[in-house]
Amino acid sequence: MANGNLLIIFANDLRDEGYDSTSAAIEAARIRLRPIIMTALAMVLGMLPMALGIGAGSELSAPLRRAVIGGLLTATMMTLFVVPAAYSMFARHMIPKKERDARVAEALLQDRA
């Protein structure tokens, strides 16, 4: 979840720099790929001994650990592929921050006049 949020924030920053929504989504996913993979890999490798059932009494929680690892891998793939695709579709209709700020400033000037 946090990786998806960071990806969207990064894409929004790129849009403020002048990228269109599709290019911003692709570039954000490309740049954030390594940190996202490292985070997921650390979690998976940390849970692997428990998922394999190594140690006394670990057979009980092994299925749960396997499910958590599967969910984590699925969420990572969705963060890398589905989130940028959805962002590029929905962000087309968003107004960039600079243009939005200019509209607000113009509206404030009109209200004062």
# chains A, B, ... in the order shown; residues from 1 in each chain; ligands from 1
call {"tool": "select_by_dssp", "arguments": {"residues": "chain A", "states": "alpha helix (DSSP H)", "output": "JSON, numbers by chain"}}
result
{"A": [2, 3, 4, 5, 6, 7, 8, 9, 10, 11, 12, 13, 14, 15, 16, 21, 22, 23, 24, 25, 26, 27, 28, 29, 30, 31, 32, 33, 34, 35, 36, 37, 38, 39, 40, 41, 42, 43, 44, 45, 46, 47, 48, 49, 50, 51, 62, 63, 64, 65, 66, 67, 68, 69, 70, 71, 72, 73, 74, 75, 76, 77, 78, 79, 80, 81, 82, 83, 84, 85, 86, 87, 88, 89, 90, 97, 98, 99, 100, 101, 102, 103, 104, 105, 106, 107, 108, 109, 110, 111, 112]}
call {"tool": "residues_around", "arguments": {"residues": "region 21-38 of chain A", "least_positions_apart": "2", "cutoff": "8 Å", "atoms": "only C-alpha atoms", "output": "list in words"}}
result
Asn3, Leu7, Ile8, Phe10, Ala11, Asn12, Leu14, Arg15, Tyr19, Ala40, Leu41, Ala42, Thr76, Leu80, Pro84, Ala85, Tyr87, Ser88, Met89, Ala91 and Arg92 of chain A
call {"tool": "atom_distance", "arguments": {"atom1": "CA of Glu17 (chain A)", "atom2": "CA of Leu109 (chain A)"}}
result
25.7 Å
call {"tool": "residues_around", "arguments": {"residues": "region 44-60 of chain A", "least_positions_apart": "4", "cutoff": "12 Å", "atoms": "only C-alpha atoms", "output": "list in words"}}
result
Ile37, Met38, Thr39, Ala40, Leu64, Arg65, Arg66, Ala67, Val68, Ile69, Gly70, Gly71, Leu72, Leu73, Thr74 and Thr76 of chain A
call {"tool": "write_last_selection", "arguments": {"atoms": "C-alpha atoms", "output": "compact mmCIF listing (two decimals), in the first residue's frame"}}
result
# COMPACT_ATOMS: atom_id res chain seq x y z
CA ILE A 37 11.49 -4.81 -5.23
CA MET A 38 13.96 -4.45 -2.35
CA THR A 39 11.15 -3.87 0.15
CA ALA A 40 9.15 -6.86 -1.05
CA LEU A 64 -0.53 -18.44 7.05
CA ARG A 65 3.02 -17.33 6.25
CA ARG A 66 2.72 -18.75 2.74
CA ALA A 67 -0.51 -16.84 2.22
CA VAL A 68 1.14 -13.63 3.44
CA ILE A 69 4.06 -14.14 1.05
CA GLY A 70 1.64 -14.75 -1.84
CA GLY A 71 -0.31 -11.62 -0.96
CA LEU A 72 2.86 -9.59 -0.73
CA LEU A 73 4.07 -10.79 -4.13
CA THR A 74 0.66 -10.08 -5.66
CA THR A 76 4.05 -5.87 -5.42
call {"tool": "atom_distance", "arguments": {"atom1": "CA of Val104 (chain A)", "atom2": "CA of Gly4 (chain A)"}}
result
29.0 Å
call {"tool": "residues_around", "arguments": {"residues": "Asp16 (chain A)", "least_positions_apart": "5", "cutoff": "9 Å", "atoms": "only C-alpha atoms", "output": "PyMOL selection string"}}
result
chain A and resi 11+96-98
call {"tool": "closest_residue", "arguments": {"among": "A:Phe90, A:Met77, A:Val83, A:Arg103", "to": "Asp20 (chain A)", "atoms": "only C-alpha atoms"}}
result
A:Phe90
call {"tool": "atom_distance", "arguments": {"atom1": "CA of Leu108 (chain A)", "atom2": "CA of Gly18 (chain A)"}}
result
25.0 Å
